[in-house]
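Reproduced below: target_7.csv, with CSV, C-alpha atoms.
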```csv
chain,number,residue,atom,x,y,z
A,5,MET,CA,-21.1,21.2,-6.4
A,6,LYS,CA,-18.9,23.9,-7.9
A,7,SER,CA,-15.6,23.2,-9.4
A,8,SER,CA,-12.6,25.3,-8.2
A,9,PHE,CA,-11.5,25.7,-11.9
A,10,ASN,CA,-13.0,28.2,-14.4
A,11,SER,CA,-12.3,26.1,-17.4
A,12,TRP,CA,-11.1,22.7,-18.6
A,13,TYR,CA,-7.8,24.4,-19.7
A,14,ALA,CA,-7.3,25.7,-16.1
A,15,PHE,CA,-8.0,22.2,-14.8
A,16,PHE,CA,-5.5,20.4,-17.1
A,17,SER,CA,-2.8,23.0,-16.7
A,18,MET,CA,-3.1,23.0,-12.9
A,19,GLY,CA,-1.8,26.5,-12.6
A,20,GLY,CA,1.4,25.6,-14.4
A,21,TYR,CA,2.1,22.6,-12.3
A,22,ALA,CA,0.6,20.1,-14.8
A,23,PHE,CA,3.7,18.0,-15.2
A,24,TYR,CA,4.0,17.5,-11.4
A,25,VAL,CA,0.4,17.0,-10.5
A,26,TRP,CA,-0.6,14.7,-13.4
A,27,GLY,CA,2.8,12.9,-13.0
A,28,ALA,CA,1.8,12.1,-9.5
A,29,TYR,CA,-1.7,10.9,-10.3
A,30,GLY,CA,-0.5,9.1,-13.4
A,31,SER,CA,2.1,7.1,-11.3
A,32,LEU,CA,-0.7,6.4,-8.8
A,33,ILE,CA,-3.1,5.0,-11.5
A,34,LEU,CA,-0.3,3.0,-13.1
A,35,SER,CA,1.0,1.4,-9.9
A,36,PHE,CA,-2.5,0.6,-8.6
A,37,ALA,CA,-3.5,-1.0,-12.0
A,38,LEU,CA,-0.3,-3.1,-12.1
A,39,GLY,CA,-0.6,-4.0,-8.4
A,40,ALA,CA,-4.2,-5.2,-8.9
A,41,TRP,CA,-3.6,-7.0,-12.2
A,42,TRP,CA,-0.6,-9.0,-10.9
A,43,PRO,CA,-2.4,-11.2,-8.3
A,44,TRP,CA,-5.3,-11.7,-10.7
A,45,ARG,CA,-2.9,-13.0,-13.4
A,46,GLN,CA,-1.0,-15.0,-10.8
A,47,ARG,CA,-4.2,-16.7,-9.7
A,48,GLN,CA,-5.1,-17.7,-13.3
A,49,GLN,CA,-1.6,-19.3,-13.7
A,50,LEU,CA,-1.8,-21.0,-10.3
A,51,LEU,CA,-5.2,-22.6,-10.9
A,52,GLN,CA,-4.0,-23.8,-14.3
A,53,LYS,CA,-0.9,-25.2,-12.8
A,54,LEU,CA,-2.8,-27.0,-10.0
A,55,ALA,CA,-5.2,-28.4,-12.5
A,56,ASP,CA,-2.4,-29.8,-14.6
A,57,GLU,CA,-0.5,-31.3,-11.6
A,58,PRO,CA,-1.1,-35.0,-10.9
A,59,ALA,CA,-2.9,-35.7,-7.5
A,60,ALA,CA,-0.4,-36.5,-4.7
B,1321,MET,CA,-11.2,-15.5,15.1
B,1322,LYS,CA,-9.3,-18.7,15.9
B,1323,LYS,CA,-11.1,-20.4,12.9
B,1324,LEU,CA,-9.6,-17.7,10.6
B,1325,ALA,CA,-6.1,-18.8,11.5
B,1326,SER,CA,-6.9,-21.9,9.5
B,1327,PRO,CA,-5.7,-21.4,5.9
B,1328,ARG,CA,-8.9,-23.0,4.5
B,1329,GLU,CA,-11.2,-20.8,6.6
B,1330,PHE,CA,-9.2,-17.7,5.8
B,1331,TYR,CA,-9.3,-18.5,2.1
B,1332,ARG,CA,-13.1,-18.9,2.2
B,1333,PHE,CA,-13.7,-15.8,4.3
B,1334,SER,CA,-11.3,-13.5,2.4
B,1335,GLY,CA,-12.9,-14.6,-0.9
B,1336,GLN,CA,-16.2,-13.3,0.4
B,1337,CYS,CA,-14.7,-10.0,1.7
B,1338,ILE,CA,-12.7,-9.0,-1.4
B,1339,PRO,CA,-15.6,-7.8,-3.5
B,1340,TRP,CA,-16.9,-5.6,-0.7
B,1341,VAL,CA,-13.4,-4.1,-0.1
B,1342,TRP,CA,-13.1,-3.4,-3.8
B,1343,GLY,CA,-16.5,-1.6,-3.6
B,1344,LEU,CA,-15.3,0.5,-0.7
B,1345,PHE,CA,-12.1,1.3,-2.6
B,1346,ALA,CA,-14.1,2.4,-5.7
B,1347,VAL,CA,-16.4,4.7,-3.8
B,1348,ALA,CA,-13.7,6.3,-1.6
B,1349,PHE,CA,-11.3,6.6,-4.6
B,1350,GLY,CA,-14.0,8.2,-6.7
B,1351,VAL,CA,-14.9,10.7,-4.0
B,1352,GLY,CA,-11.3,11.4,-3.2
B,1353,LEU,CA,-10.4,12.0,-6.9
B,1354,VAL,CA,-13.4,14.3,-7.7
B,1355,ASP,CA,-13.1,16.2,-4.4
B,1356,GLY,CA,-9.3,16.4,-4.4
B,1357,LEU,CA,-8.8,17.3,-8.1
B,1358,TRP,CA,-11.9,19.1,-9.0
B,1359,LEU,CA,-13.8,20.6,-6.0
B,1360,ALA,CA,-11.2,21.4,-3.4
B,1361,PRO,CA,-9.9,25.0,-3.7
B,1362,GLY,CA,-6.3,25.9,-4.6
B,1363,ASP,CA,-3.8,26.6,-1.8
B,1364,TYR,CA,-3.0,30.3,-1.3
B,1365,GLN,CA,0.8,29.5,-1.2
B,1366,GLN,CA,1.3,26.4,-3.3
B,1367,GLY,CA,-1.5,26.9,-5.9
B,1368,GLN,CA,-2.6,23.7,-7.5
B,1369,ALA,CA,0.6,21.8,-6.8
B,1370,TYR,CA,-0.6,21.0,-3.3
B,1371,ARG,CA,-3.1,18.5,-4.9
B,1372,ILE,CA,-0.1,16.0,-5.0
B,1373,MET,CA,-0.8,15.8,-1.2
B,1374,PHE,CA,-3.9,13.6,-1.9
B,1375,VAL,CA,-1.5,11.0,-3.3
B,1376,HIS,CA,1.6,11.6,-1.3
B,1377,VAL,CA,0.2,11.6,2.2
B,1378,PRO,CA,-1.9,8.4,1.9
B,1379,SER,CA,1.1,6.7,0.3
B,1380,ALA,CA,3.3,7.7,3.2
B,1381,MET,CA,0.8,6.7,5.8
B,1382,LEU,CA,0.3,3.3,4.2
B,1383,SER,CA,4.0,2.8,3.9
B,1384,LEU,CA,4.2,3.0,7.7
B,1385,GLY,CA,1.0,1.2,8.4
B,1386,VAL,CA,1.9,-1.8,6.3
B,1387,TYR,CA,5.2,-2.1,8.1
B,1388,VAL,CA,3.3,-2.1,11.4
B,1389,LEU,CA,1.2,-4.9,10.1
B,1390,ILE,CA,4.2,-6.9,8.9
B,1391,ALA,CA,6.0,-6.4,12.2
B,1392,SER,CA,2.9,-7.5,14.1
B,1393,CYS,CA,2.6,-10.6,12.0
B,1394,ALA,CA,6.3,-11.3,12.5
B,1395,LEU,CA,5.8,-11.3,16.3
B,1396,VAL,CA,2.7,-13.5,16.0
B,1397,ASN,CA,4.6,-15.9,13.8
B,1398,LEU,CA,7.7,-16.1,16.0
B,1399,VAL,CA,5.8,-16.4,19.3
B,1400,TRP,CA,2.7,-18.4,18.4
B,1401,ARG,CA,4.0,-20.0,15.2
B,1402,ILE,CA,0.8,-19.2,13.3
B,1403,LYS,CA,1.6,-19.7,9.6
B,1404,LEU,CA,-1.2,-17.4,8.4
B,1405,ALA,CA,0.7,-14.5,10.0
B,1406,ASP,CA,3.7,-15.3,7.9
B,1407,VAL,CA,1.5,-15.5,4.8
B,1408,ILE,CA,0.1,-12.0,5.4
B,1409,ALA,CA,3.6,-10.7,6.2
B,1410,SER,CA,5.1,-12.1,3.0
B,1411,VAL,CA,2.4,-10.8,0.7
B,1412,SER,CA,2.3,-7.4,2.3
B,1413,ALA,CA,6.0,-6.6,1.8
B,1414,PRO,CA,5.7,-5.8,-2.0
B,1415,LEU,CA,2.7,-3.7,-1.3
B,1416,GLY,CA,4.5,-1.8,1.4
B,1417,ALA,CA,7.4,-1.2,-1.0
B,1418,LEU,CA,4.9,0.1,-3.6
B,1419,PHE,CA,3.4,2.6,-1.2
B,1420,THR,CA,6.9,3.7,0.0
B,1421,GLY,CA,8.1,4.1,-3.6
B,1422,LEU,CA,5.0,6.1,-4.4
B,1423,ALA,CA,5.5,8.3,-1.4
B,1424,LEU,CA,9.1,9.0,-2.4
B,1425,PHE,CA,8.3,9.6,-6.1
B,1426,THR,CA,5.3,11.9,-5.5
B,1427,GLY,CA,7.3,13.6,-2.8
B,1428,ALA,CA,10.0,14.4,-5.4
B,1429,LEU,CA,7.4,15.7,-7.8
B,1430,TRP,CA,6.0,17.9,-5.0
B,1431,GLY,CA,9.5,18.9,-3.8
B,1432,LYS,CA,10.8,20.1,-7.1
B,1433,PRO,CA,8.3,23.0,-7.6
B,1434,MET,CA,8.0,23.8,-3.9
B,1435,TRP,CA,11.5,23.3,-2.5
B,1436,GLY,CA,13.4,23.7,-5.8
B,1437,THR,CA,14.9,20.2,-5.6
B,1438,TRP,CA,13.9,16.6,-6.4
B,1439,TRP,CA,15.7,15.3,-3.4
B,1440,ILE,CA,17.5,16.3,-0.2
B,1441,TRP,CA,19.1,14.3,2.5
B,1442,ASP,CA,16.6,15.5,5.0
B,1443,ALA,CA,15.8,13.3,8.1
B,1444,ARG,CA,12.3,12.5,6.9
B,1445,LEU,CA,13.2,11.6,3.3
B,1446,THR,CA,16.3,9.6,4.3
B,1447,SER,CA,14.5,7.6,6.9
B,1448,GLU,CA,11.7,6.9,4.4
B,1449,LEU,CA,14.3,5.7,1.9
B,1450,ILE,CA,15.7,3.4,4.6
B,1451,LEU,CA,12.2,2.0,5.0
B,1452,LEU,CA,12.1,1.2,1.2
B,1453,PHE,CA,15.4,-0.6,1.6
B,1454,LEU,CA,13.9,-2.6,4.5
B,1455,TYR,CA,11.0,-3.6,2.3
B,1456,PHE,CA,13.4,-4.7,-0.4
B,1457,GLY,CA,15.4,-6.6,2.2
B,1458,LEU,CA,12.3,-8.5,3.4
B,1459,ILE,CA,11.4,-9.4,-0.2
B,1460,ALA,CA,15.0,-10.5,-1.1
B,1461,LEU,CA,15.5,-12.4,2.1
B,1462,ARG,CA,12.2,-14.3,1.5
B,1463,GLN,CA,13.2,-15.2,-2.0
B,1464,GLY,CA,16.8,-16.0,-1.1
B,1465,ILE,CA,16.0,-18.8,1.5
B,1466,PRO,CA,14.5,-21.9,-0.1
B,1467,ASP,CA,13.2,-23.4,3.1
B,1468,GLN,CA,9.9,-21.8,4.0
B,1469,ASP,CA,10.2,-22.0,7.8
B,1470,ARG,CA,13.7,-20.6,7.9
B,1471,ALA,CA,12.7,-17.8,5.5
B,1472,ALA,CA,9.7,-17.0,7.7
B,1473,LYS,CA,11.9,-16.8,10.8
B,1474,ALA,CA,14.6,-14.7,9.1
B,1475,CYS,CA,12.1,-12.3,7.7
B,1476,SER,CA,10.3,-12.0,11.0
B,1477,ILE,CA,13.5,-11.1,12.8
B,1478,LEU,CA,14.4,-8.5,10.1
B,1479,ALA,CA,10.9,-7.0,10.3
B,1480,LEU,CA,11.1,-6.6,14.1
B,1481,VAL,CA,14.6,-5.1,14.0
B,1482,GLY,CA,13.5,-2.6,11.3
B,1483,VAL,CA,10.6,-1.4,13.5
B,1484,ILE,CA,13.1,1.2,15.0
B,1485,ASP,CA,12.8,3.1,11.7
B,1486,LEU,CA,9.1,3.9,12.2
B,1487,PRO,CA,9.3,6.3,15.1
B,1488,ILE,CA,12.4,7.8,13.5
B,1489,ILE,CA,10.3,8.5,10.3
B,1490,HIS,CA,7.4,10.0,12.3
B,1491,TYR,CA,9.4,12.1,14.8
B,1492,SER,CA,12.2,13.1,12.4
B,1493,VAL,CA,10.4,16.4,11.7
B,1494,TYR,CA,10.4,17.2,15.4
B,1495,TRP,CA,13.8,15.9,16.4
B,1496,TRP,CA,15.8,17.5,13.6
B,1497,ASN,CA,15.8,20.7,11.6
B,1498,THR,CA,14.1,19.4,8.5
B,1499,LEU,CA,12.9,20.8,5.2
B,1500,HIS,CA,9.9,18.5,5.4
B,1501,GLN,CA,6.9,20.0,7.2
B,1502,GLN,CA,5.6,18.7,10.5
B,1503,SER,CA,2.6,16.4,10.8
B,1504,THR,CA,-0.8,17.7,9.7
B,1505,LEU,CA,-3.0,14.9,10.8
B,1506,LEU,CA,-1.1,12.5,13.2
B,1507,ARG,CA,-0.4,15.1,15.9
B,1508,LEU,CA,-1.7,16.2,19.3
B,1509,GLY,CA,-4.5,18.7,18.8
B,1510,ALA,CA,-6.7,19.4,15.8
B,1511,PRO,CA,-5.5,18.8,12.2
B,1512,THR,CA,-3.9,21.9,10.7
B,1513,ILE,CA,-5.6,21.7,7.4
B,1514,ALA,CA,-8.8,23.4,6.0
B,1515,PRO,CA,-11.9,21.1,6.0
B,1516,SER,CA,-12.3,21.5,2.3
B,1517,MET,CA,-8.9,19.9,1.9
B,1518,LEU,CA,-9.2,17.5,4.8
B,1519,MET,CA,-12.3,15.7,3.4
B,1520,PRO,CA,-10.7,14.5,0.1
B,1521,LEU,CA,-7.5,13.6,2.0
B,1522,LEU,CA,-9.5,11.4,4.4
B,1523,ALA,CA,-11.3,9.8,1.4
B,1524,MET,CA,-8.0,9.0,-0.3
B,1525,ILE,CA,-6.6,7.5,2.9
B,1526,VAL,CA,-9.7,5.2,3.1
B,1527,ALA,CA,-9.3,4.4,-0.6
B,1528,PHE,CA,-5.6,3.5,-0.2
B,1529,GLY,CA,-6.4,1.4,2.9
B,1530,ALA,CA,-9.1,-0.4,1.0
B,1531,TYR,CA,-6.8,-1.0,-2.0
B,1532,PHE,CA,-4.2,-2.5,0.3
B,1533,ALA,CA,-6.7,-4.8,2.0
B,1534,ALA,CA,-8.2,-6.0,-1.3
B,1535,VAL,CA,-4.8,-6.7,-3.0
B,1536,MET,CA,-3.3,-8.2,0.1
B,1537,LEU,CA,-6.2,-10.6,0.4
B,1538,MET,CA,-5.9,-11.5,-3.2
B,1539,ARG,CA,-2.2,-12.2,-2.8
B,1540,ALA,CA,-2.7,-14.1,0.4
B,1541,ARG,CA,-5.3,-16.4,-1.3
B,1542,ASN,CA,-2.7,-17.1,-4.0
B,1543,GLU,CA,0.0,-17.8,-1.4
B,1544,ILE,CA,-2.3,-20.1,0.5
B,1545,LEU,CA,-3.2,-22.0,-2.7
B,1546,GLN,CA,0.5,-22.4,-3.4
B,1547,ARG,CA,1.5,-23.5,0.1
B,1548,GLU,CA,-1.5,-25.8,0.6
B,1549,ARG,CA,-1.5,-27.2,-3.0
B,1550,ARG,CA,-1.2,-30.8,-1.8
B,1551,ALA,CA,-4.1,-30.4,0.7
B,1552,GLN,CA,-7.4,-32.2,-0.2
B,1553,TRP,CA,-9.6,-29.1,0.0
B,1554,VAL,CA,-7.4,-27.4,-2.6
B,1555,ARG,CA,-7.3,-30.4,-4.9
B,1556,GLU,CA,-11.1,-30.8,-4.6
B,1557,GLY,CA,-11.7,-27.1,-5.3
B,1558,VAL,CA,-9.5,-27.0,-8.4
B,1559,LEU,CA,-10.8,-30.4,-9.7
B,1560,ASN,CA,-14.4,-29.6,-9.1
B,1561,GLU,CA,-14.1,-26.1,-10.6
B,1562,ILE,CA,-16.3,-24.6,-7.9
B,1563,GLN,CA,-16.4,-20.9,-7.3
B,1564,PHE,CA,-13.0,-21.1,-5.5
```
Let me see whether you can do it: turn the structure in this file into structure tokens.
Amino acid sequence: MKSSFNSWYAFFSMGGYAFYVWGAYGSLILSFALGAWWPWRQRQQLLQKLADEPAA
Amino acid sequence: MKKLASPREFYRFSGQCIPWVWGLFAVAFGVGLVDGLWLAPGDYQQGQAYRIMFVHVPSAMLSLGVYVLIASCALVNLVWRIKLADVIASVSAPLGALFTGLALFTGALWGKPMWGTWWIWDARLTSELILLFLYFGLIALRQGIPDQDRAAKACSILALVGVIDLPIIHYSVYWWNTLHQQSTLLRLGAPTIAPSMLMPLLAMIVAFGAYFAAVMLMRARNEILQRERRAQWVREGVLNEIQF
């Protein structure tokens, strides 16, 4: 599988559009990471809260 | 299928599905990133900036798809009063807002180098912004009404009223003279995109869909735990510390 870039510099510079391209992918990674972390954290808190609550 | 309408059964079934859906996401996302960022050739007009498409287009598609899901659940909840439908609708709204926000943000990043502007009051962009406001409205309405049944009904009605925005978003590029290009994939006839660019785009669409499914199921399980916290099966699960 051949890369469409000649060098790592060409890859990271994205033909002069680095800010826009890496900005888009960076926002994607960040939002996906936060979106996945949030329900995981919520579950930990919820299970703890349920365990601490007295039975009805 | 009827069994899955039971919160307990849905909770158990979704717990088994989540790892597989994350696995699908990991594979599709990896393939999409490598192919889209590394292997796919540059565009003859847009150069490397077009690679934003592999984030922007799946985000936009999911922003519409999630709303379709919410509206469908709203109808099921209103007509058949199936509570699970309301659970899915309520946990999907923030994810829909995330995809819509991502579509608008990456659209701005793509628009600046290509159109020379971050934003324009174009029919497509404006109707997508209205969709974001609809998602915010659903979230705010849910949180603003303390009674769960009344909140469910109000959000269901809002979701169904907002459906009118979806065909406006999709057909805006045909009905009006817009800066935004016309559809590449969701159109009559063959896709107007090279195969070397279509493959990573499809991979990213699958990845985004899998991501939504995985996170939605995780959020739905939390919501069910919260709503059913007094139920015996929840108390037993927590107290026995089983794989829950």
task: Choose the residue, out of A:Ala55, A:Asn10, A:Phe16, A:Leu38, that has the smallest atom-to-atom separation from chain B; count all atoms listed in the file.
output: A:Ala55
From A:Tyr13, A:Trp42, A:Leu54, A:Ala28, residue lying nearest B:Arg1549 [all atoms listed in the file]: A:Leu54
Per residue of chain A within 8 Å of chain B, note the shortest atom pair and the distance in Å to one decimal, counting all atoms listed in the file, and order the rows by chain and increasing residue number, as CSV.
```
residue,atom,partner,partner_atom,distance
A:Met5,CA,B:Leu1359,CA,7.3
A:Lys6,CA,B:Leu1359,CA,6.4
A:Ser7,CA,B:Leu1359,CA,4.6
A:Ser8,CA,B:Pro1361,CA,5.3
A:Phe9,CA,B:Trp1358,CA,7.2
A:Phe15,CA,B:Trp1358,CA,7.6
A:Met18,CA,B:Gln1368,CA,5.5
A:Gly19,CA,B:Gln1368,CA,5.9
A:Tyr21,CA,B:Ala1369,CA,5.8
A:Tyr24,CA,B:Leu1429,CA,5.3
A:Val25,CA,B:Ile1372,CA,5.6
A:Gly27,CA,B:Leu1429,CA,7.5
A:Ala28,CA,B:Thr1426,CA,5.3
A:Tyr29,CA,B:Val1375,CA,7.0
A:Ser31,CA,B:Leu1422,CA,7.6
A:Leu32,CA,B:Leu1422,CA,7.2
A:Ser35,CA,B:Leu1418,CA,7.5
A:Gly39,CA,B:Val1535,CA,7.4
A:Ala40,CA,B:Val1535,CA,6.1
A:Pro43,CA,B:Arg1539,CA,5.6
A:Trp44,CA,B:Met1538,CA,7.5
A:Gln46,CA,B:Asn1542,CA,7.3
A:Arg47,CA,B:Asn1542,CA,5.9
A:Leu50,CA,B:Gln1546,CA,7.4
A:Leu51,CA,B:Val1558,CA,6.6
A:Leu54,CA,B:Val1558,CA,6.9
A:Ala55,CA,B:Val1558,CA,6.1
A:Ala59,CA,B:Arg1555,CA,7.4
A:Ala60,CA,B:Arg1550,CA,6.4
```
query: Could you name the residues that touch B:Ile1408 at 8 Å or less, counting only C-alpha atoms, but leaving out those on the same chain fewer than 3 positions away, as a count of residues only?
result: 8
- prompt: When distances are computed from only C-alpha atoms, which of B:Ile1477, B:Leu1384, B:Leu1398, B:Met1519 shows the smallest separation from B:Gly1356?
  reply: B:Met1519
task: Kindly give the distance, in Å, that separates atom CA of B:Tyr1455 and atom CA of B:Gly1416, rounded to a single decimal.
output: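 Interatomic distance, atom CA of B:Tyr1455 to atom CA of B:Gly1416: 6.8 Å.
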message: Taking 4 positions as the minimum chain separation for residues in the same chain, which residues sit within 8 Å of stretch 1436-1448 of chain B when counting all atoms listed in the file? Answer as a PyMOL selection string.
response: chain B and resi 1420+1424+1428-1429+1431-1432+1452+1485+1488-1490+1492-1493+1496+1498-1500
Kindly save the residues from that selection, with C-alpha atoms included, as a PDB file, in the frame of the given file.
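Heads up, here's the output in part.pdb:
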```pdb
ATOM      1  CA  THR B1420       6.900   3.700   0.000  1.00  0.00           C
ATOM      2  CA  LEU B1424       9.100   9.000  -2.400  1.00  0.00           C
ATOM      3  CA  ALA B1428      10.000  14.400  -5.400  1.00  0.00           C
ATOM      4  CA  LEU B1429       7.400  15.700  -7.800  1.00  0.00           C
ATOM      5  CA  GLY B1431       9.500  18.900  -3.800  1.00  0.00           C
ATOM      6  CA  LYS B1432      10.800  20.100  -7.100  1.00  0.00           C
ATOM      7  CA  LEU B1452      12.100   1.200   1.200  1.00  0.00           C
ATOM      8  CA  ASP B1485      12.800   3.100  11.700  1.00  0.00           C
ATOM      9  CA  ILE B1488      12.400   7.800  13.500  1.00  0.00           C
ATOM     10  CA  ILE B1489      10.300   8.500  10.300  1.00  0.00           C
ATOM     11  CA  HIS B1490       7.400  10.000  12.300  1.00  0.00           C
ATOM     12  CA  SER B1492      12.200  13.100  12.400  1.00  0.00           C
ATOM     13  CA  VAL B1493      10.400  16.400  11.700  1.00  0.00           C
ATOM     14  CA  TRP B1496      15.800  17.500  13.600  1.00  0.00           C
ATOM     15  CA  THR B1498      14.100  19.400   8.500  1.00  0.00           C
ATOM     16  CA  LEU B1499      12.900  20.800   5.200  1.00  0.00           C
ATOM     17  CA  HIS B1500       9.900  18.500   5.400  1.00  0.00           C
TER      18      HIS B1500
END
```
query: Between atom CA of B:Ala1527 and atom CA of B:Trp1340, what is the spacing in Å?
result: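 If I compute the distance from atom CA of B:Trp1340 to atom CA of B:Ala1527, I get 12.6 Å.
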- prompt: Using all atoms listed in the file, what residues lie at most 6 Å away from (6.4, -9.0, 9.2) (file coordinates), given as a VMD selection string?
  reply: chain B and resid 1390 to 1391 1393 to 1394 1409 1476 1479
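The gap separating atom CA of B:Cys1337 from atom CA of B:Gly1529 is 14.2 Å, in Å to one decimal.
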